[in-house]
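Below you'll find the structure, written out as structure tokens, and then a few comments.
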Amino acid sequence: MSQTLIQKILSRASGKSEVKVGEIVTCDVDIAMILDSGGPRKIWPRLKNLGVGVFDPEKVIVVADHFVPAADPQSAAILKLTRDFVKNYNIKHFYDMEGICHVIMAENGHLQPGLFCCGGDSHSTMGGAFGCYMAGFGAIEMTGVVVTGKIWSVVMDTIKVNWEGSFSRGVTAKDIMLFLAKKLGMENAFKAVEFGGSTVKNMSMQERMVLTNMAAELGAETGLIAPDKTTLEAIRLAGVEPQTNALSWKSDDNASFCETHNFNAENLLPQVAAPHKPSNSASAEQFEQENIKIDQAYIGACVGGKLNDLHMVARVLKGKSVSPKTRLLVAPSSKKIMAQAASDGTLEIITNAGGIILPSGCGACAGLGAGVIAEKEVCISSTNRNFQGRMGSKDSFVYLASPYTVAASAVAGKIIDPRELI
């Protein structure tokens, strides 16, 4: 039987030769990633009550990224509990204030094609850029995973999304996902989204990670991209050798998809999503006509603070200044990215333009720490989600856009089409 990529991964994880859409299987978990936010502080009490430990200290990965650095005693207590959990269970892979979990997973070579991975965060889907299954689960489900190393899954159908052609000036993977949130909607539960086509093939791994990350905004279980040479190079760059069968993880040529969508990247314009949904998207030039003044521009998060994102920002800001009526906050996605951006002059360009550099972490994206916004304030952000109250006051307004558009809007003091400044 012809199989999609997700069917092949679930077949291996469940020990079956093949699986059918709609079938429920029990899968062995290759990686269980938990965070300071919904991890030890919620899971550890349950482990104590049950009198059990973790199934494998090598396969449980812990990342402290939401409450870092501690901004109040409550945050400090959560971080201390996380560190104590790691010591108590002898967790082998602990990343304490190293960066955002999804980026950390990629930087440290934890992701390989064909793996079945679970994460305690909704944007764990970012891992699918490496040709593996990775999805987000709640604290109760992750408790079961951490204890048993297993979880059930329905074999999901796949929506195939193909993009052909080259981007025009100022267009990025983020624009694809804001466009798709409107086009495909946000109610694609029990579906995987597999991205393909020449546009995706020519993307860097950092841009591919945007696609799979924001599959969560489509409401999908996960997002996937079949591995190729770019995937293998990214794995090697992380200091790990790809598995010998890495390139075999792809959908069969005659695999059956529940939907197939074909788009031309050359026709895509820079996009902006209005409050309070990523699906409230339209072209940036349409928003520019509305003269929307902004109080804050935010560059950060797993999806919007990677090195290539910072390079986009620097390309816009070089020789320019942030509007005196707007604050530009920049939080690189990891310490490694921070160091790279410092060494290549990117941070200097940003700070010379008036940008303020924040510590690496989830921060304002999750409504925590520095950068949250007040009542009635307007923010344009490179993050992935703009639900009401997401970045601070429930009476604030968050617009989503690419790093190009966020940076250009910071200079203008209002939302503009970035192509004017590139």
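Ligands are numbered from 1 in the order shown, chains are lettered A, B, ... in the order of the structure tokens, and residues start at 1 in each chain.
Neighbours of A:Pro270 closer than or equal to 9 Å, with only C-alpha atoms counted and sequence neighbours fewer than 2 positions away skipped, come out as Arg169, Gly170, Val171, Thr172, Lys174, Asp175, Ile176, Leu268, Val272, Ala282, Ser283, Ala284, Glu285, Ala401, Ser402, Tyr404, Thr405, Asp417, Pro418 and Arg419 of chain A.
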**Distance query stretch 133-145 of chain A at most 9 Å, only C-alpha atoms, self and fewer than 6 positions along chain excluded, as number ranges by chain** = A: 6, 9-10, 29, 31-34, 38-39, 42-44, 46-47, 54-55, 113-127, 151, 216, 221-224
Could those selected residues go to a file with C-alpha atoms, as a CSV table (one decimal), in the first residue's frame?
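The resulting file, selection.csv, is reproduced below:
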```csv
chain,number,residue,atom,x,y,z
A,6,ILE,CA,3.3,10.6,8.2
A,9,ILE,CA,6.7,7.4,10.5
A,10,LEU,CA,3.7,6.1,12.5
A,29,VAL,CA,8.5,7.9,21.6
A,31,ILE,CA,12.2,12.2,22.1
A,32,ALA,CA,10.1,13.7,24.8
A,33,MET,CA,10.7,17.5,25.2
A,34,ILE,CA,9.4,19.3,28.2
A,38,GLY,CA,4.3,23.2,31.4
A,39,GLY,CA,6.9,20.5,32.2
A,42,LYS,CA,3.1,20.1,36.4
A,43,ILE,CA,4.6,16.7,35.7
A,44,TRP,CA,6.7,16.2,38.8
A,46,ARG,CA,2.1,13.5,39.3
A,47,LEU,CA,5.3,11.4,39.2
A,54,VAL,CA,11.1,9.0,33.7
A,55,PHE,CA,11.3,6.2,31.1
A,113,PRO,CA,14.1,12.1,9.7
A,114,GLY,CA,11.7,9.4,10.6
A,115,LEU,CA,11.7,10.0,14.4
A,116,PHE,CA,8.5,10.1,16.5
A,117,CYS,CA,8.8,13.1,18.9
A,118,CYS,CA,6.5,14.7,21.5
A,119,GLY,CA,6.9,18.2,22.8
A,120,GLY,CA,5.2,20.0,25.7
A,121,ASP,CA,4.5,23.1,23.5
A,122,SER,CA,2.0,23.7,20.7
A,123,HIS,CA,4.8,24.9,18.3
A,124,SER,CA,6.7,21.6,18.6
A,125,THR,CA,5.5,21.1,15.1
A,126,MET,CA,8.6,23.1,14.1
A,127,GLY,CA,10.6,19.8,14.3
A,151,ILE,CA,1.5,7.5,23.4
A,216,ALA,CA,0.0,24.8,14.4
A,221,GLU,CA,-1.5,18.0,14.2
A,222,THR,CA,1.9,18.6,12.7
A,223,GLY,CA,3.7,19.9,9.6
A,224,LEU,CA,6.3,18.0,7.7
```
**Prompt:** Between atom CA of A:Phe263 and atom CA of A:Ala215, what is the distance, to one decimal in Å?
**Reply:** 16.5 Å
**DSSP strand (DSSP E or B) residues within stretch 189-295 of chain A, listed as a PyMOL selection string** = chain A and resi 191-196+222-224+259-264+271-273+281-283+293
Per residue of stretch 254-305 of chain A within 12 Å of stretch 380-387 of chain A, what are the shortest atom pair and its distance in Å to one decimal, counting only C-alpha atoms, with rows by chain and residue number, as a Markdown table?
```
| residue | atom | partner | partner_atom | distance |
| --- | --- | --- | --- | --- |
| A:Gln271 | CA | A:Ser382 | CA | 11.4 |
| A:Val272 | CA | A:Ile380 | CA | 8.9 |
| A:Ala273 | CA | A:Asn386 | CA | 8.3 |
| A:Ala274 | CA | A:Asn386 | CA | 8.1 |
| A:Pro275 | CA | A:Asn386 | CA | 6.1 |
| A:His276 | CA | A:Phe387 | CA | 4.7 |
| A:Lys277 | CA | A:Phe387 | CA | 5.7 |
| A:Pro278 | CA | A:Arg385 | CA | 6.3 |
| A:Ser279 | CA | A:Asn386 | CA | 9.9 |
| A:Asn280 | CA | A:Asn386 | CA | 9.9 |
| A:Ser281 | CA | A:Asn386 | CA | 11.5 |
| A:Ala284 | CA | A:Ile380 | CA | 11.7 |
| A:Phe287 | CA | A:Ile380 | CA | 11.7 |
| A:Ile292 | CA | A:Ile380 | CA | 10.1 |
| A:Lys293 | CA | A:Ile380 | CA | 9.7 |
| A:Ile294 | CA | A:Ile380 | CA | 7.0 |
| A:Asp295 | CA | A:Ile380 | CA | 8.5 |
| A:Gln296 | CA | A:Ile380 | CA | 6.5 |
| A:Ala297 | CA | A:Ile380 | CA | 4.9 |
| A:Tyr298 | CA | A:Ser381 | CA | 4.6 |
| A:Ile299 | CA | A:Ser382 | CA | 5.2 |
| A:Gly300 | CA | A:Ser382 | CA | 6.2 |
| A:Ala301 | CA | A:Thr383 | CA | 5.6 |
| A:Cys302 | CA | A:Thr383 | CA | 7.6 |
| A:Val303 | CA | A:Thr383 | CA | 6.1 |
| A:Gly304 | CA | A:Ser382 | CA | 4.9 |
| A:Gly305 | CA | A:Ser382 | CA | 7.7 |
```
Go ahead and dump the residues you just picked, N, CA, C and O atoms, as a tab-separated table (two decimals), in the first residue's frame.
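Below you can see out12.tsv, which holds the result:
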```tsv
chain	number	residue	atom	x	y	z
A	271	GLN	N	2.68	39.82	3.64
A	271	GLN	CA	1.40	39.68	4.33
A	271	GLN	C	1.46	40.26	5.74
A	271	GLN	O	2.52	40.32	6.37
A	272	VAL	N	0.30	40.65	6.24
A	272	VAL	CA	0.12	41.07	7.64
A	272	VAL	C	-1.17	40.43	8.13
A	272	VAL	O	-2.15	40.36	7.39
A	273	ALA	N	-1.17	39.96	9.38
A	273	ALA	CA	-2.39	39.43	10.00
A	273	ALA	C	-2.85	40.38	11.09
A	273	ALA	O	-2.07	40.75	11.98
A	274	ALA	N	-4.10	40.77	11.05
A	274	ALA	CA	-4.67	41.70	12.03
A	274	ALA	C	-5.11	40.94	13.29
A	274	ALA	O	-5.30	39.72	13.26
A	275	PRO	N	-5.28	41.64	14.40
A	275	PRO	CA	-5.82	41.01	15.61
A	275	PRO	C	-7.18	40.41	15.31
A	275	PRO	O	-7.93	40.96	14.50
A	276	HIS	N	-7.56	39.31	15.93
A	276	HIS	CA	-6.80	38.55	16.92
A	276	HIS	C	-6.59	37.13	16.43
A	276	HIS	O	-6.58	36.18	17.22
A	277	LYS	N	-6.36	36.96	15.12
A	277	LYS	CA	-6.13	35.64	14.55
A	277	LYS	C	-5.09	35.73	13.43
A	277	LYS	O	-5.11	36.70	12.65
A	278	PRO	N	-4.23	34.71	13.30
A	278	PRO	CA	-3.31	34.68	12.16
A	278	PRO	C	-4.03	34.61	10.82
A	278	PRO	O	-3.46	34.98	9.79
A	279	SER	N	-5.28	34.17	10.84
A	279	SER	CA	-6.04	34.05	9.59
A	279	SER	C	-6.62	35.38	9.12
A	279	SER	O	-7.16	35.46	8.01
A	280	ASN	N	-6.51	36.42	9.94
A	280	ASN	CA	-6.99	37.75	9.54
A	280	ASN	C	-5.94	38.45	8.67
A	280	ASN	O	-5.52	39.56	8.95
A	281	SER	N	-5.53	37.79	7.62
A	281	SER	CA	-4.38	38.27	6.86
A	281	SER	C	-4.80	38.86	5.51
A	281	SER	O	-5.82	38.51	4.93
A	284	ALA	N	0.39	43.48	2.90
A	284	ALA	CA	0.87	44.61	3.70
A	284	ALA	C	0.46	45.94	3.08
A	284	ALA	O	0.19	46.91	3.80
A	287	PHE	N	-2.85	47.00	4.35
A	287	PHE	CA	-2.80	47.54	5.72
A	287	PHE	C	-2.18	48.93	5.72
A	287	PHE	O	-2.55	49.78	6.54
A	292	ILE	N	-2.10	52.49	10.11
A	292	ILE	CA	-2.13	51.93	11.46
A	292	ILE	C	-0.83	52.25	12.18
A	292	ILE	O	0.23	51.68	11.89
A	293	LYS	N	-0.88	53.17	13.13
A	293	LYS	CA	0.30	53.55	13.89
A	293	LYS	C	0.61	52.50	14.94
A	293	LYS	O	-0.30	51.89	15.51
A	294	ILE	N	1.90	52.27	15.19
A	294	ILE	CA	2.31	51.22	16.12
A	294	ILE	C	3.12	51.81	17.28
A	294	ILE	O	3.86	52.77	17.12
A	295	ASP	N	2.93	51.21	18.46
A	295	ASP	CA	3.70	51.59	19.65
A	295	ASP	C	4.97	50.75	19.75
A	295	ASP	O	6.00	51.23	20.23
A	296	GLN	N	4.86	49.49	19.32
A	296	GLN	CA	6.00	48.57	19.49
A	296	GLN	C	6.14	47.66	18.28
A	296	GLN	O	5.14	47.22	17.69
A	297	ALA	N	7.38	47.41	17.92
A	297	ALA	CA	7.70	46.40	16.91
A	297	ALA	C	8.56	45.36	17.61
A	297	ALA	O	9.53	45.71	18.29
A	298	TYR	N	8.19	44.09	17.46
A	298	TYR	CA	8.87	43.02	18.20
A	298	TYR	C	9.42	41.97	17.23
A	298	TYR	O	8.67	41.42	16.41
A	299	ILE	N	10.71	41.73	17.34
A	299	ILE	CA	11.37	40.67	16.57
A	299	ILE	C	11.80	39.61	17.57
A	299	ILE	O	12.61	39.88	18.47
A	300	GLY	N	11.26	38.40	17.43
A	300	GLY	CA	11.64	37.35	18.37
A	300	GLY	C	10.81	36.10	18.17
A	300	GLY	O	10.14	35.93	17.16
A	301	ALA	N	10.92	35.20	19.13
A	301	ALA	CA	10.22	33.92	19.17
A	301	ALA	C	10.94	32.87	18.34
A	301	ALA	O	11.86	33.16	17.59
A	302	CYS	N	10.48	31.61	18.48
A	302	CYS	CA	11.07	30.50	17.74
A	302	CYS	C	10.98	30.73	16.25
A	302	CYS	O	11.88	30.40	15.49
A	303	VAL	N	9.88	31.36	15.82
A	303	VAL	CA	9.61	31.51	14.40
A	303	VAL	C	10.20	32.79	13.81
A	303	VAL	O	10.39	32.89	12.61
A	304	GLY	N	10.54	33.78	14.67
A	304	GLY	CA	10.90	35.07	14.12
A	304	GLY	C	12.17	35.71	14.65
A	304	GLY	O	12.43	36.88	14.34
A	305	GLY	N	12.98	34.97	15.42
A	305	GLY	CA	14.21	35.54	15.96
A	305	GLY	C	15.45	34.74	15.60
A	305	GLY	O	16.48	34.83	16.26
```
**Item:** Sel. of helix (DSSP H, G or I) residues, stretch 33-87 of chain A, as a PyMOL selection string
**Value:** chain A and resi 40-50+73-87
**Distance query A:Met186 at most 8 Å, only C-alpha atoms, self and fewer than 6 positions along chain excluded, as a PyMOL selection string** = chain A and resi 217-220+279
**Request:** Do a neighbour search on A:Ser393 at 7 Å with only C-alpha atoms, toss out local chain neighbours closer than 2 positions, and write the hits as a PyMOL selection string.
**Result:** chain A and resi 373-375+389+391+395-396
Closest contacts (stretch 41-125 of chain A/stretch 336-340 of chain A, max 10 Å, only C-alpha atoms) as CSV:
```
residue,atom,partner,partner_atom,distance
A:Glu98,CA,A:Lys336,CA,7.8
A:Gly99,CA,A:Lys336,CA,8.1
A:Val103,CA,A:Ile337,CA,9.7
A:Ile104,CA,A:Lys336,CA,9.3
A:Glu107,CA,A:Lys336,CA,8.5
```
**Message:** For a test of reading the model, state the distance in Å between atom CA of A:Arg315 and atom CA of A:Ser168, rounded to one decimal.
**Reply:** 15.7 Å
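Note that the spacing between atom CA of A:Leu421 and atom CA of A:Leu400 amounts to 18.4 Å.
Closest approach to A:Ala173 among A:Leu111, A:Gln7, A:Asn202, A:Asp72 is made by A:Asn202 (distances from only C-alpha atoms).
Using only C-alpha atoms, the nearest neighbour of A:Lys335 within the list A:Ala364, A:Cys258, A:Ala265, A:Cys101 is A:Cys101.
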**Prompt:** Neighbours of A:Gly354 within 12 Å (only C-alpha atoms; same-chain residues fewer than 6 positions away dropped), as a ChimeraX atom specification?
**Reply:** /A:297,314,317-330,347-348,407,410-411
**For A:Val86: contacts at 12 Å, only C-alpha atoms, fewer than 5 positions along chain excluded, given as a ChimeraX atom specification** = /A:34-36,39-41,44,53-54,57-58,60-64,79-81,91-96
**Fill in**
For A:Pro332, the closest of A:Ile100, A:Met177, A:Met312, A:Ile235 counting only C-alpha atoms is A:Ile100
**Request:** Kindly indicate which residue among A:Ala129, A:Val210, A:Ala70, A:Ala13 lies nearest to A:Ala370, using only C-alpha atoms for the distances.
**Result:** A:Ala70
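Around A:Leu368, within 9 Å and counting only C-alpha atoms, the residues found are His66, Phe67, Val68, Ala71, Cys362, Gly363, Ala364, Cys365, Ala366, Ala370, Gly371, Val372, Met391 and Gly392 of chain A, once anything fewer than 2 positions away on its own chain is removed.
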